[in-house]
$ cat data.tsv   # TSV, C-alpha atoms
chain	number	residue	atom	x	y	z
A	1	MET	CA	0.00	0.00	0.00
A	2	ALA	CA	1.37	3.35	-1.00
A	3	GLU	CA	2.50	5.58	1.83
A	4	ALA	CA	0.20	8.55	2.36
A	5	LEU	CA	1.72	11.91	1.54
A	6	THR	CA	1.93	14.37	4.41
A	7	VAL	CA	2.34	18.11	4.33
A	8	ALA	CA	5.64	18.96	5.98
A	9	ASP	CA	6.03	21.88	8.34
A	10	GLU	CA	7.72	23.80	5.58
A	11	PRO	CA	6.49	27.07	4.08
A	12	MET	CA	4.69	26.81	0.76
A	13	LEU	CA	6.56	27.93	-2.37
A	14	PHE	CA	5.65	31.62	-2.50
A	15	ASP	CA	5.62	31.93	1.29
A	16	ARG	CA	9.39	31.73	1.06
A	17	LEU	CA	9.58	35.06	-0.73
A	18	GLU	CA	10.65	38.17	1.13
A	19	SER	CA	9.14	41.58	0.49
A	20	GLU	CA	11.05	43.70	-2.00
A	21	PRO	CA	11.20	47.49	-1.71
A	22	THR	CA	9.23	49.37	-4.33
A	23	ASP	CA	11.37	50.85	-7.12
A	24	ALA	CA	11.89	54.48	-6.11
A	25	LEU	CA	11.22	55.94	-9.56
A	26	LEU	CA	8.07	53.88	-10.11
A	27	GLN	CA	6.85	54.92	-6.68
A	28	LEU	CA	7.57	58.57	-7.52
A	29	ILE	CA	5.58	58.29	-10.75
A	30	ALA	CA	2.64	56.86	-8.83
A	31	LEU	CA	2.81	59.60	-6.19
A	32	ALA	CA	2.87	62.34	-8.82
A	33	LYS	CA	-0.03	60.77	-10.69
A	34	ALA	CA	-2.11	60.57	-7.50
A	35	ASP	CA	-1.48	64.21	-6.55
A	36	PRO	CA	-4.71	66.13	-7.39
A	37	ARG	CA	-3.04	69.56	-7.54
A	38	PRO	CA	-3.43	70.93	-11.09
A	39	ASP	CA	-0.14	72.87	-10.88
A	40	LYS	CA	2.04	69.92	-9.77
A	41	ILE	CA	5.40	69.54	-11.52
A	42	ASP	CA	6.67	66.07	-12.36
A	43	VAL	CA	10.39	66.17	-13.16
A	44	GLY	CA	11.02	62.63	-11.98
A	45	VAL	CA	10.15	60.50	-14.98
A	46	GLY	CA	12.61	60.68	-17.88
A	47	VAL	CA	10.46	61.62	-20.86
A	48	TYR	CA	10.72	64.59	-23.21
A	49	ARG	CA	8.02	67.22	-22.81
A	50	ASP	CA	7.20	70.05	-25.18
A	51	ALA	CA	6.52	73.69	-24.28
A	52	ALA	CA	2.97	72.82	-23.17
A	53	GLY	CA	4.14	69.94	-21.00
A	54	GLY	CA	3.02	67.11	-23.28
A	55	THR	CA	4.99	64.16	-24.67
A	56	PRO	CA	3.93	64.11	-28.32
A	57	ILE	CA	4.47	61.37	-30.86
A	58	LEU	CA	6.99	62.58	-33.44
A	59	ARG	CA	5.65	63.41	-36.90
A	60	ALA	CA	8.06	60.96	-38.48
A	61	VAL	CA	6.91	58.21	-36.13
A	62	LYS	CA	3.24	58.82	-36.97
A	63	ALA	CA	4.05	58.79	-40.67
A	64	ALA	CA	6.03	55.56	-40.34
A	65	GLU	CA	3.18	53.90	-38.46
A	66	ARG	CA	0.76	54.84	-41.24
A	67	ILE	CA	3.13	53.25	-43.75
A	68	LEU	CA	3.34	50.10	-41.65
A	69	VAL	CA	-0.45	49.84	-41.41
A	70	GLU	CA	-0.70	49.94	-45.19
A	71	THR	CA	2.31	47.84	-46.16
A	72	GLN	CA	3.16	45.38	-43.37
A	73	GLU	CA	1.96	41.97	-44.50
A	74	THR	CA	2.69	39.74	-41.52
A	75	LYS	CA	3.29	39.63	-37.78
A	76	ALA	CA	5.40	36.49	-37.99
A	77	TYR	CA	8.53	36.16	-35.85
A	78	LEU	CA	11.74	37.79	-37.07
A	79	GLY	CA	14.14	35.60	-35.09
A	80	SER	CA	16.29	36.19	-32.01
A	81	ALA	CA	18.41	38.83	-33.79
A	82	GLY	CA	15.29	40.91	-34.39
A	83	ASP	CA	15.02	43.36	-37.28
A	84	THR	CA	18.44	43.09	-38.90
A	85	ARG	CA	17.78	46.06	-41.19
A	86	PHE	CA	17.06	48.17	-38.11
A	87	VAL	CA	20.41	47.11	-36.62
A	88	ASP	CA	22.23	47.86	-39.89
A	89	LEU	CA	20.71	51.35	-40.04
A	90	ILE	CA	21.59	52.14	-36.41
A	91	ARG	CA	25.25	51.04	-36.82
A	92	PRO	CA	26.52	54.13	-38.69
A	93	ILE	CA	24.58	56.46	-36.36
A	94	VAL	CA	26.44	54.97	-33.40
A	95	PHE	CA	29.86	54.22	-34.93
A	96	GLY	CA	30.06	56.50	-37.97
A	97	GLU	CA	30.52	55.24	-41.52
A	98	LYS	CA	34.02	53.92	-40.83
A	99	GLY	CA	33.07	52.09	-37.64
A	100	ALA	CA	29.94	50.68	-39.27
A	101	ARG	CA	32.15	48.79	-41.73
A	102	ASP	CA	34.19	47.12	-38.98
A	103	GLU	CA	33.54	43.38	-39.35
A	104	ARG	CA	34.58	42.82	-35.74
A	105	ILE	CA	31.37	44.53	-34.58
A	106	VAL	CA	28.11	42.56	-34.44
A	107	GLY	CA	24.71	43.68	-33.22
A	108	VAL	CA	21.23	42.46	-32.31
A	109	GLN	CA	17.94	44.18	-31.62
A	110	THR	CA	16.89	44.26	-27.95
A	111	PRO	CA	13.84	45.31	-25.90
A	112	GLY	CA	15.08	48.83	-25.18
A	113	GLY	CA	18.34	49.89	-23.59
A	114	CYS	CA	17.55	47.81	-20.49
A	115	GLY	CA	17.40	44.66	-22.62
A	116	ALA	CA	20.70	45.58	-24.23
A	117	LEU	CA	22.40	46.19	-20.88
A	118	ARG	CA	21.13	42.93	-19.42
A	119	LEU	CA	22.04	40.90	-22.52
A	120	GLY	CA	25.52	42.39	-22.43
A	121	ALA	CA	25.89	41.57	-18.73
A	122	ASP	CA	24.86	37.97	-19.35
A	123	LEU	CA	27.37	37.74	-22.21
A	124	ILE	CA	30.12	39.05	-19.90
A	125	ASP	CA	29.25	36.53	-17.20
A	126	LYS	CA	29.21	33.68	-19.72
A	127	ALA	CA	32.58	34.72	-21.15
A	128	ASN	CA	34.29	35.22	-17.79
A	129	SER	CA	32.45	34.91	-14.48
A	130	ASP	CA	35.41	36.58	-12.73
A	131	ALA	CA	35.22	39.76	-14.83
A	132	ARG	CA	34.30	42.91	-12.92
A	133	ILE	CA	32.66	46.08	-14.18
A	134	PHE	CA	33.76	49.45	-12.81
A	135	VAL	CA	30.89	51.93	-12.55
A	136	GLY	CA	31.19	55.65	-11.79
A	137	GLN	CA	29.01	57.01	-9.00
A	138	PRO	CA	26.36	58.26	-9.10
A	139	THR	CA	24.88	56.35	-12.00
A	140	TRP	CA	21.45	55.42	-13.30
A	141	PRO	CA	19.83	53.48	-10.41
A	142	ASN	CA	18.93	50.50	-12.60
A	143	HIS	CA	22.52	49.89	-13.72
A	144	GLY	CA	23.34	48.05	-10.51
A	145	PRO	CA	20.36	45.66	-10.53
A	146	LEU	CA	20.74	44.91	-14.25
A	147	ILE	CA	24.43	44.12	-13.93
A	148	GLU	CA	24.38	42.26	-10.63
A	149	CYS	CA	21.30	40.21	-11.56
A	150	ALA	CA	23.41	38.69	-14.32
A	151	GLY	CA	26.06	37.74	-11.78
A	152	VAL	CA	28.68	40.34	-12.74
A	153	GLU	CA	30.52	41.99	-9.85
A	154	MET	CA	30.15	45.78	-9.85
A	155	VAL	CA	32.96	47.95	-8.49
A	156	LYS	CA	31.99	51.51	-7.61
A	157	VAL	CA	34.35	54.37	-8.47
A	158	PRO	CA	33.99	58.16	-8.03
A	159	TYR	CA	32.55	60.19	-10.93
A	160	TYR	CA	30.70	63.31	-9.82
A	161	ASP	CA	30.40	65.43	-6.67
A	162	THR	CA	26.98	67.01	-6.27
A	163	ARG	CA	28.13	69.64	-3.78
A	164	SER	CA	30.97	71.03	-5.88
A	165	ARG	CA	29.08	70.34	-9.15
A	166	ARG	CA	32.15	68.84	-10.81
A	167	ILE	CA	33.33	65.61	-12.39
A	168	LEU	CA	35.86	63.78	-10.22
A	169	PHE	CA	37.98	62.82	-13.21
A	170	ASP	CA	41.34	62.39	-11.47
A	171	GLU	CA	39.74	60.36	-8.70
A	172	MET	CA	37.96	58.16	-11.24
A	173	MET	CA	41.14	57.50	-13.22
A	174	GLU	CA	43.04	56.67	-10.03
A	175	ALA	CA	40.33	54.20	-8.98
A	176	LEU	CA	40.38	52.54	-12.42
A	177	LYS	CA	44.01	51.57	-11.84
A	178	GLU	CA	42.62	48.72	-9.71
A	179	ALA	CA	41.02	47.16	-12.79
A	180	ARG	CA	42.61	44.00	-14.16
A	181	PRO	CA	43.03	43.24	-17.87
A	182	GLY	CA	39.67	41.96	-19.10
A	183	ASP	CA	37.66	43.98	-16.56
A	184	LEU	CA	35.06	46.39	-17.90
A	185	VAL	CA	34.36	50.09	-17.49
A	186	LEU	CA	30.77	51.31	-17.75
A	187	LEU	CA	30.63	54.66	-19.53
A	188	HIS	CA	27.69	56.94	-20.30
A	189	GLY	CA	28.08	57.76	-24.00
A	190	CYS	CA	26.51	61.21	-23.58
A	191	CYS	CA	23.94	63.09	-21.49
A	192	HIS	CA	25.02	61.42	-18.24
A	193	ASN	CA	22.13	60.08	-16.19
A	194	PRO	CA	21.62	61.28	-13.47
A	195	THR	CA	24.05	64.23	-13.43
A	196	GLY	CA	24.10	65.67	-16.97
A	197	ALA	CA	27.86	66.06	-16.50
A	198	ASP	CA	29.67	64.61	-19.52
A	199	LEU	CA	33.37	63.99	-20.04
A	200	SER	CA	35.12	66.49	-22.32
A	201	LEU	CA	36.55	65.18	-25.59
A	202	ASP	CA	40.06	65.40	-24.12
A	203	GLN	CA	38.93	63.35	-21.14
A	204	TRP	CA	37.37	60.78	-23.47
A	205	ARG	CA	40.72	60.53	-25.27
A	206	GLU	CA	42.49	59.97	-21.97
A	207	VAL	CA	39.97	57.26	-21.00
A	208	ALA	CA	40.32	55.60	-24.41
A	209	ASP	CA	44.12	55.56	-24.12
A	210	PHE	CA	43.95	54.20	-20.56
A	211	ILE	CA	41.53	51.43	-21.56
A	212	ALA	CA	43.70	50.42	-24.52
A	213	ARG	CA	46.93	50.35	-22.49
A	214	ARG	CA	45.39	48.40	-19.61
A	215	GLY	CA	43.53	45.85	-21.72
A	216	LEU	CA	40.13	46.90	-20.36
A	217	VAL	CA	36.75	46.58	-22.09
A	218	PRO	CA	34.49	49.64	-22.39
A	219	TYR	CA	30.78	49.05	-21.91
A	220	VAL	CA	29.03	52.17	-23.23
A	221	ASP	CA	25.43	53.00	-22.36
A	222	LEU	CA	24.22	55.23	-25.21
A	223	ALA	CA	20.63	56.08	-24.34
A	224	TYR	CA	20.34	59.77	-25.31
A	225	GLN	CA	22.27	60.28	-28.55
A	226	GLY	CA	21.15	63.48	-30.25
A	227	LEU	CA	19.71	65.12	-27.13
A	228	GLY	CA	22.95	66.66	-25.88
A	229	ASN	CA	24.77	68.44	-28.68
A	230	GLY	CA	23.56	66.56	-31.76
A	231	LEU	CA	23.87	63.04	-33.18
A	232	GLU	CA	27.49	63.29	-34.32
A	233	ALA	CA	28.82	65.23	-31.33
A	234	ASP	CA	27.09	62.91	-28.88
A	235	ALA	CA	28.73	59.84	-30.45
A	236	GLN	CA	32.33	61.11	-30.38
A	237	GLY	CA	33.26	59.67	-27.00
A	238	THR	CA	31.75	56.28	-27.80
A	239	ARG	CA	33.61	56.09	-31.09
A	240	LEU	CA	36.92	57.01	-29.44
A	241	VAL	CA	36.81	54.27	-26.82
A	242	VAL	CA	35.41	51.59	-29.14
A	243	GLU	CA	38.07	52.27	-31.75
A	244	ALA	CA	40.86	52.25	-29.13
A	245	ALA	CA	39.77	49.06	-27.37
A	246	GLU	CA	40.36	45.56	-28.67
A	247	GLN	CA	36.91	44.53	-27.44
A	248	ALA	CA	33.87	46.63	-26.46
A	249	LEU	CA	30.11	46.66	-25.87
A	250	VAL	CA	27.59	49.39	-26.66
A	251	ALA	CA	24.03	49.29	-25.35
A	252	GLN	CA	22.00	51.64	-27.55
A	253	SER	CA	18.44	52.91	-27.15
A	254	CYS	CA	16.00	54.61	-29.53
A	255	ASP	CA	13.40	55.17	-26.83
A	256	LYS	CA	14.35	58.81	-26.20
A	257	ASN	CA	15.64	60.13	-29.53
A	258	PHE	CA	12.70	58.65	-31.48
A	259	GLY	CA	10.21	59.15	-28.64
A	260	VAL	CA	9.10	55.49	-28.76
A	261	TYR	CA	9.39	54.91	-25.01
A	262	ARG	CA	6.72	52.26	-24.60
A	263	GLU	CA	7.83	50.38	-27.72
A	264	ARG	CA	11.14	49.40	-25.99
A	265	THR	CA	13.47	49.76	-28.96
A	266	GLY	CA	17.19	49.21	-28.60
A	267	SER	CA	20.23	47.25	-29.74
A	268	LEU	CA	23.39	45.74	-28.35
A	269	PHE	CA	26.63	45.95	-30.32
A	270	VAL	CA	29.72	43.96	-29.40
A	271	LYS	CA	33.22	44.41	-30.81
A	272	ALA	CA	35.38	41.27	-30.77
A	273	SER	CA	39.09	40.89	-31.43
A	274	SER	CA	38.56	39.42	-34.91
A	275	LYS	CA	35.89	38.72	-37.50
A	276	ALA	CA	35.86	35.06	-36.47
A	277	GLY	CA	35.55	36.07	-32.83
A	278	ALA	CA	32.65	38.34	-33.72
A	279	GLU	CA	30.81	35.43	-35.33
A	280	THR	CA	31.23	33.44	-32.11
A	281	VAL	CA	29.95	36.40	-30.08
A	282	PHE	CA	26.92	36.72	-32.37
A	283	GLY	CA	26.01	33.07	-31.88
A	284	ASN	CA	26.24	33.48	-28.13
A	285	LEU	CA	24.08	36.61	-28.22
A	286	LEU	CA	21.38	34.72	-30.09
A	287	GLN	CA	21.49	31.85	-27.61
A	288	LEU	CA	21.27	34.19	-24.61
A	289	ALA	CA	18.50	36.25	-26.18
A	290	ARG	CA	16.57	33.05	-26.86
A	291	THR	CA	16.51	32.24	-23.14
A	292	MET	CA	15.32	35.73	-22.12
A	293	TRP	CA	12.85	37.10	-24.69
A	294	SER	CA	13.30	34.63	-27.54
A	295	MET	CA	12.29	37.21	-30.18
A	296	PRO	CA	12.33	40.97	-29.50
A	297	PRO	CA	9.16	43.04	-30.10
A	298	ASP	CA	9.01	44.35	-33.64
A	299	HIS	CA	6.89	47.49	-33.75
A	300	GLY	CA	9.40	50.02	-32.47
A	301	ALA	CA	12.22	48.65	-34.60
A	302	ALA	CA	9.92	48.62	-37.63
A	303	ILE	CA	9.11	52.30	-37.02
A	304	VAL	CA	12.79	53.30	-36.76
A	305	HIS	CA	13.70	51.09	-39.73
A	306	THR	CA	10.98	52.74	-41.84
A	307	ILE	CA	12.08	56.26	-40.86
A	308	LEU	CA	15.78	55.70	-41.49
A	309	ASP	CA	15.14	53.96	-44.83
A	310	ASP	CA	13.02	56.84	-46.15
A	311	PRO	CA	15.00	60.04	-47.00
A	312	GLU	CA	12.06	62.36	-46.33
A	313	LEU	CA	11.10	60.76	-43.04
A	314	ARG	CA	14.74	60.63	-41.97
A	315	ALA	CA	15.15	64.34	-42.70
A	316	ASP	CA	11.97	65.14	-40.75
A	317	TRP	CA	13.15	63.02	-37.80
A	318	ASN	CA	16.50	64.82	-37.84
A	319	ALA	CA	14.68	68.16	-37.81
A	320	GLU	CA	12.46	67.10	-34.90
A	321	LEU	CA	15.44	65.75	-32.96
A	322	LYS	CA	17.26	69.05	-33.41
A	323	GLU	CA	14.17	70.87	-32.11
A	324	MET	CA	14.10	68.61	-29.04
A	325	CYS	CA	17.80	69.19	-28.44
A	326	ALA	CA	17.37	72.95	-28.81
A	327	ARG	CA	14.50	72.95	-26.32
A	328	ILE	CA	16.64	71.13	-23.75
A	329	ARG	CA	19.46	73.63	-24.26
A	330	SER	CA	17.07	76.58	-23.94
A	331	LEU	CA	15.61	75.23	-20.69
A	332	ARG	CA	19.10	74.74	-19.29
A	333	ALA	CA	19.99	78.32	-20.20
A	334	ARG	CA	16.79	79.65	-18.65
A	335	LEU	CA	17.32	77.80	-15.37
A	336	SER	CA	20.97	78.83	-15.29
A	337	ALA	CA	20.09	82.49	-15.72
A	338	TYR	CA	17.58	82.45	-12.85
A	339	ASP	CA	20.19	82.24	-10.09
A	340	GLU	CA	23.99	81.99	-10.13
A	341	ARG	CA	23.76	78.85	-8.00
A	342	LEU	CA	22.03	77.17	-10.95
A	343	ALA	CA	24.66	78.28	-13.48
A	344	PHE	CA	26.19	74.79	-13.61
A	345	ILE	CA	23.03	73.45	-15.31
A	346	ASP	CA	23.87	75.22	-18.58
A	347	ARG	CA	27.30	73.55	-18.68
A	348	GLN	CA	25.70	70.10	-18.69
A	349	ASN	CA	23.96	68.04	-21.35
A	350	GLY	CA	20.81	66.06	-21.95
A	351	MET	CA	17.66	65.55	-19.98
A	352	PHE	CA	18.97	65.28	-16.42
A	353	SER	CA	20.79	67.25	-13.79
A	354	MET	CA	21.33	66.89	-10.03
A	355	LEU	CA	20.53	69.66	-7.60
A	356	PRO	CA	22.47	69.95	-4.32
A	357	LEU	CA	19.37	69.31	-2.22
A	358	SER	CA	19.00	67.26	0.93
A	359	ARG	CA	16.40	64.50	0.96
A	360	ASP	CA	14.37	66.59	3.44
A	361	ALA	CA	14.43	69.54	1.04
A	362	VAL	CA	13.23	67.32	-1.82
A	363	LEU	CA	10.37	66.01	0.31
A	364	GLU	CA	9.43	69.55	1.40
A	365	LEU	CA	9.33	70.69	-2.25
A	366	ARG	CA	7.04	67.75	-2.95
A	367	GLU	CA	4.75	68.53	-0.02
A	368	SER	CA	4.63	72.34	-0.31
A	369	HIS	CA	4.94	72.93	-4.04
A	370	GLY	CA	3.89	69.68	-5.71
A	371	ILE	CA	7.36	69.29	-7.24
A	372	TYR	CA	8.23	65.65	-7.80
A	373	MET	CA	11.89	64.71	-8.27
A	374	ALA	CA	14.12	61.87	-7.11
A	375	ASP	CA	15.27	61.95	-3.48
A	376	SER	CA	18.84	62.38	-4.78
A	377	GLY	CA	17.96	65.76	-6.31
A	378	ARG	CA	18.02	64.40	-9.87
A	379	PHE	CA	15.45	66.10	-12.05
A	380	ASN	CA	14.39	65.97	-15.67
A	381	VAL	CA	15.19	69.39	-17.14
A	382	VAL	CA	12.86	68.87	-20.07
A	383	GLY	CA	10.11	67.66	-17.76
A	384	LEU	CA	9.36	71.36	-17.29
A	385	SER	CA	6.88	73.28	-19.41
A	386	ASP	CA	7.47	76.87	-20.48
A	387	GLU	CA	4.83	77.93	-17.98
A	388	ASN	CA	6.30	76.33	-14.85
A	389	VAL	CA	10.07	76.86	-15.29
A	390	ASP	CA	10.24	80.01	-13.19
A	391	ARG	CA	8.01	78.60	-10.46
A	392	PHE	CA	10.22	75.52	-10.27
A	393	ALA	CA	13.41	77.59	-10.15
A	394	ALA	CA	12.03	79.93	-7.48
A	395	ALA	CA	11.03	77.02	-5.23
A	396	VAL	CA	14.31	75.20	-5.72
A	397	VAL	CA	16.71	78.08	-4.99
A	398	GLU	CA	15.10	78.56	-1.59
A	399	LYS	CA	16.17	75.05	-0.66
A	400	LEU	CA	19.64	74.82	-2.22
A	401	ASP	CA	22.52	73.72	-0.01
A	402	GLY	CA	24.94	76.59	-0.53
$ encode --input "data.tsv" --output "structure tokens"
Amino acid sequence: MAEALTVADEPMLFDRLESEPTDALLQLIALAKADPRPDKIDVGVGVYRDAAGGTPILRAVKAAERILVETQETKAYLGSAGDTRFVDLIRPIVFGEKGARDERIVGVQTPGGCGALRLGADLIDKANSDARIFVGQPTWPNHGPLIECAGVEMVKVPYYDTRSRRILFDEMMEALKEARPGDLVLLHGCCHNPTGADLSLDQWREVADFIARRGLVPYVDLAYQGLGNGLEADAQGTRLVVEAAEQALVAQSCDKNFGVYRERTGSLFVKASSKAGAETVFGNLLQLARTMWSMPPDHGAAIVHTILDDPELRADWNAELKEMCARIRSLRARLSAYDERLAFIDRQNGMFSMLPLSRDAVLELRESHGIYMADSGRFNVVGLSDENVDRFAAAVVEKLDG
């Protein structure tokens, strides 16, 4: 007679889970959304907003979607590499015409920049589980979870001091001397998130030379190309380090510069030591992608592909991107001119900047003025409308630390 099964005094499967803290940014978005005040200011979430405070769909994107409705004949899978034409069209934007012809560089489509970063981290761990990645502080809060979830050890190094509003370049370079050959260095390609403080071109050259001499691998996060000083200018640092290094990774996103946030449109490019090595890398990328998302979503890549393949749409997208970039620059100049303590904002690039505010000051701004920003003082410059810039600046300068 079979022995009767008994329930052991062990917790059930999901009872073993521990509570996880709510993601700070997602919680901030929810708090701002729930605030009934009509004059609230949400500069927490990283989306572009126009003069009226809206996040419009780009003209070129709308036009591309109309084309897709009329001409797309199937929704069949594209394969783990995704839309290969999309990847081919993004290559010269990231690497320039010369870099785009480098047969040591392979790329795949990913679900946004997050997918690219995670796929790259998994590739690193598979190639060498002892490899470490050196990450300047502060950095985008999701960098740590994405990297560490893949099993890659993250080493924190200095990058920016909020109080003095300056890049700690010498301190960063000194800390990088601890890196071993084969270790990685995470670099923000442009429009540093969360600080807006980018390396100068001379500093990029110094980093590129250091990486090459030490046998390190740059891992560039290029999420905001075109929103700092233009497409070409914003790619200069990335191109310098990729060309100098024997091997490299670039996680690229179209979410911001095409305004296709919810479509999750990105790519991961990897430079190997040889063409044969690149083919091996490509095969490994496909295998890893297969285990995570199998096939990436198509719609965003199809939009970008359609725009970049059509001269008129591409020209219109370029024009719109320049308008977005100009708006960011004008907002930075306007904030900078309001008070000398905000002058540093105009020397920075992209959507984000960090204010020297205590957590208590940030919470008081939220409570008293309906201003929602990260507890660190990071705010989205282009989250402001033309109407609320001065009100934001006036409230902030009252709370600045020095």
$ closest_atom_pairs --input "data.tsv" --of "segment 158-241 of chain A" --to "segment 45-67 of chain A" --cutoff "12 Å" --atoms "only C-alpha atoms" --output "tab-separated table"
residue	atom	partner	partner_atom	distance
A:Asn193	CA	A:Gly46	CA	9.7
A:Pro194	CA	A:Gly46	CA	10.0
A:Ala223	CA	A:Gly46	CA	11.3
A:Tyr224	CA	A:Gly46	CA	10.8
A:Leu227	CA	A:Tyr48	CA	9.8
$ write_last_selection --input "data.tsv" --atoms "C-alpha atoms" --output "PDB file, keeping the file's coordinate frame"
ATOM      1  CA  ASN A 193      22.130  60.080 -16.190  1.00  0.00           C
ATOM      2  CA  PRO A 194      21.620  61.280 -13.470  1.00  0.00           C
ATOM      3  CA  ALA A 223      20.630  56.080 -24.340  1.00  0.00           C
ATOM      4  CA  TYR A 224      20.340  59.770 -25.310  1.00  0.00           C
ATOM      5  CA  LEU A 227      19.710  65.120 -27.130  1.00  0.00           C
TER       6      LEU A 227
END
$ residues_around --input "data.tsv" --residues "Val270 of chain A" --least-positions-apart "4" --cutoff "8 Å" --atoms "only C-alpha atoms" --output "PDB file with C-alpha atoms, in the coordinates of the input"
ATOM      1  CA  ILE A 105      31.370  44.530 -34.580  1.00  0.00           C
ATOM      2  CA  VAL A 106      28.110  42.560 -34.440  1.00  0.00           C
ATOM      3  CA  GLY A 107      24.710  43.680 -33.220  1.00  0.00           C
ATOM      4  CA  GLN A 247      36.910  44.530 -27.440  1.00  0.00           C
ATOM      5  CA  ALA A 248      33.870  46.630 -26.460  1.00  0.00           C
ATOM      6  CA  LEU A 249      30.110  46.660 -25.870  1.00  0.00           C
ATOM      7  CA  VAL A 250      27.590  49.390 -26.660  1.00  0.00           C
ATOM      8  CA  ALA A 278      32.650  38.340 -33.720  1.00  0.00           C
ATOM      9  CA  VAL A 281      29.950  36.400 -30.080  1.00  0.00           C
TER      10      VAL A 281
END
$ closest_residue --input "data.tsv" --among "A:Lys256, A:His305, A:His369, A:Arg378" --to "Met324 of chain A" --atoms "all atoms listed in the file"
A:Lys256
$ residues_around --input "data.tsv" --residues "Ser336 of chain A" --least-positions-apart "5" --cutoff "7 Å" --atoms "only C-alpha atoms" --output "PyMOL selection string"
chain A and resi 342-346
$ atom_distance --input "data.tsv" --atom1 "atom CA of Cys254 of chain A" --atom2 "atom CA of Glu206 of chain A"
28.1 Å
$ atom_distance --input "data.tsv" --atom1 "atom CA of Pro158 of chain A" --atom2 "atom CA of Thr195 of chain A"
12.8 Å
$ closest_residue --input "data.tsv" --among "A:Gly228, A:Arg239, A:Leu186, A:Ala374" --to "Leu216 of chain A" --atoms "all atoms listed in the file"
A:Leu186
$ atom_distance --input "data.tsv" --atom1 "atom CA of Arg205 of chain A" --atom2 "atom CA of Pro138 of chain A"
21.7 Å
$ residues_around --input "data.tsv" --residues "Cys149 of chain A" --least-positions-apart "6" --cutoff "12 Å" --atoms "only C-alpha atoms" --output "list in words"
Leu117, Arg118, Leu119, Gly120, Ala121, Asp122, Asp125, Asn142 and His143 of chain A
$ write_last_selection --input "data.tsv" --atoms "C-alpha atoms" --output "short mmCIF file (atom, residue, chain, number, x, y, z; two decimals), in the coordinates of the input"
data_model
loop_
_atom_site.label_atom_id
_atom_site.label_comp_id
_atom_site.auth_asym_id
_atom_site.auth_seq_id
_atom_site.Cartn_x
_atom_site.Cartn_y
_atom_site.Cartn_z
CA LEU A 117 22.40 46.19 -20.88
CA ARG A 118 21.13 42.93 -19.42
CA LEU A 119 22.04 40.90 -22.52
CA GLY A 120 25.52 42.39 -22.43
CA ALA A 121 25.89 41.57 -18.73
CA ASP A 122 24.86 37.97 -19.35
CA ASP A 125 29.25 36.53 -17.20
CA ASN A 142 18.93 50.50 -12.60
CA HIS A 143 22.52 49.89 -13.72
#
$ residues_around --input "data.tsv" --residues "Val155 of chain A" --least-positions-apart "6" --cutoff "7 Å" --atoms "only C-alpha atoms" --output "list in words"
Arg132, Ile133, Phe134 and Val135 of chain A
$ closest_residue --input "data.tsv" --among "A:Arg163, A:Val108, A:Ala233, A:Trp140" --to "Thr84 of chain A" --atoms "all atoms listed in the file"
A:Val108
$ residues_near_point --input "data.tsv" --point "(40.3, 58.0, -12.8)" --cutoff "12 Å" --atoms "only C-alpha atoms" --output "ChimeraX atom specification"
/A:134-137,156-160,167-179,185,199,203-204,206-208,210-211
$ residues_around --input "data.tsv" --residues "Thr265 of chain A" --least-positions-apart "5" --cutoff "9 Å" --atoms "only C-alpha atoms" --output "number ranges by chain"
A: 109-113, 252-255, 260, 296-301, 304
$ write_last_selection --input "data.tsv" --atoms "C-alpha atoms" --output "PDB file, keeping the file's coordinate frame"
ATOM      1  CA  GLN A 109      17.940  44.180 -31.620  1.00  0.00           C
ATOM      2  CA  THR A 110      16.890  44.260 -27.950  1.00  0.00           C
ATOM      3  CA  PRO A 111      13.840  45.310 -25.900  1.00  0.00           C
ATOM      4  CA  GLY A 112      15.080  48.830 -25.180  1.00  0.00           C
ATOM      5  CA  GLY A 113      18.340  49.890 -23.590  1.00  0.00           C
ATOM      6  CA  GLN A 252      22.000  51.640 -27.550  1.00  0.00           C
ATOM      7  CA  SER A 253      18.440  52.910 -27.150  1.00  0.00           C
ATOM      8  CA  CYS A 254      16.000  54.610 -29.530  1.00  0.00           C
ATOM      9  CA  ASP A 255      13.400  55.170 -26.830  1.00  0.00           C
ATOM     10  CA  VAL A 260       9.100  55.490 -28.760  1.00  0.00           C
ATOM     11  CA  PRO A 296      12.330  40.970 -29.500  1.00  0.00           C
ATOM     12  CA  PRO A 297       9.160  43.040 -30.100  1.00  0.00           C
ATOM     13  CA  ASP A 298       9.010  44.350 -33.640  1.00  0.00           C
ATOM     14  CA  HIS A 299       6.890  47.490 -33.750  1.00  0.00           C
ATOM     15  CA  GLY A 300       9.400  50.020 -32.470  1.00  0.00           C
ATOM     16  CA  ALA A 301      12.220  48.650 -34.600  1.00  0.00           C
ATOM     17  CA  VAL A 304      12.790  53.300 -36.760  1.00  0.00           C
TER      18      VAL A 304
END
$ closest_residue --input "data.tsv" --among "A:Asp35, A:Asp23, A:Asp316, A:Asp42" --to "Val389 of chain A" --atoms "only C-alpha atoms"
A:Asp42
$ closest_residue --input "data.tsv" --among "A:Ile303, A:Ala212, A:Ala150, A:Val220" --to "Gly189 of chain A" --atoms "only C-alpha atoms"
A:Val220
$ decode --input "data.tsv" --residues "segment 212-221 of chain A" --atoms "C-alpha atoms" --output "short mmCIF file (atom, residue, chain, number, x, y, z; two decimals), in the first residue's frame"
data_model
loop_
_atom_site.label_atom_id
_atom_site.label_comp_id
_atom_site.auth_asym_id
_atom_site.auth_seq_id
_atom_site.Cartn_x
_atom_site.Cartn_y
_atom_site.Cartn_z
CA ALA A 212 43.70 50.42 -24.52
CA ARG A 213 46.93 50.35 -22.49
CA ARG A 214 45.39 48.40 -19.61
CA GLY A 215 43.53 45.85 -21.72
CA LEU A 216 40.13 46.90 -20.36
CA VAL A 217 36.75 46.58 -22.09
CA PRO A 218 34.49 49.64 -22.39
CA TYR A 219 30.78 49.05 -21.91
CA VAL A 220 29.03 52.17 -23.23
CA ASP A 221 25.43 53.00 -22.36
#
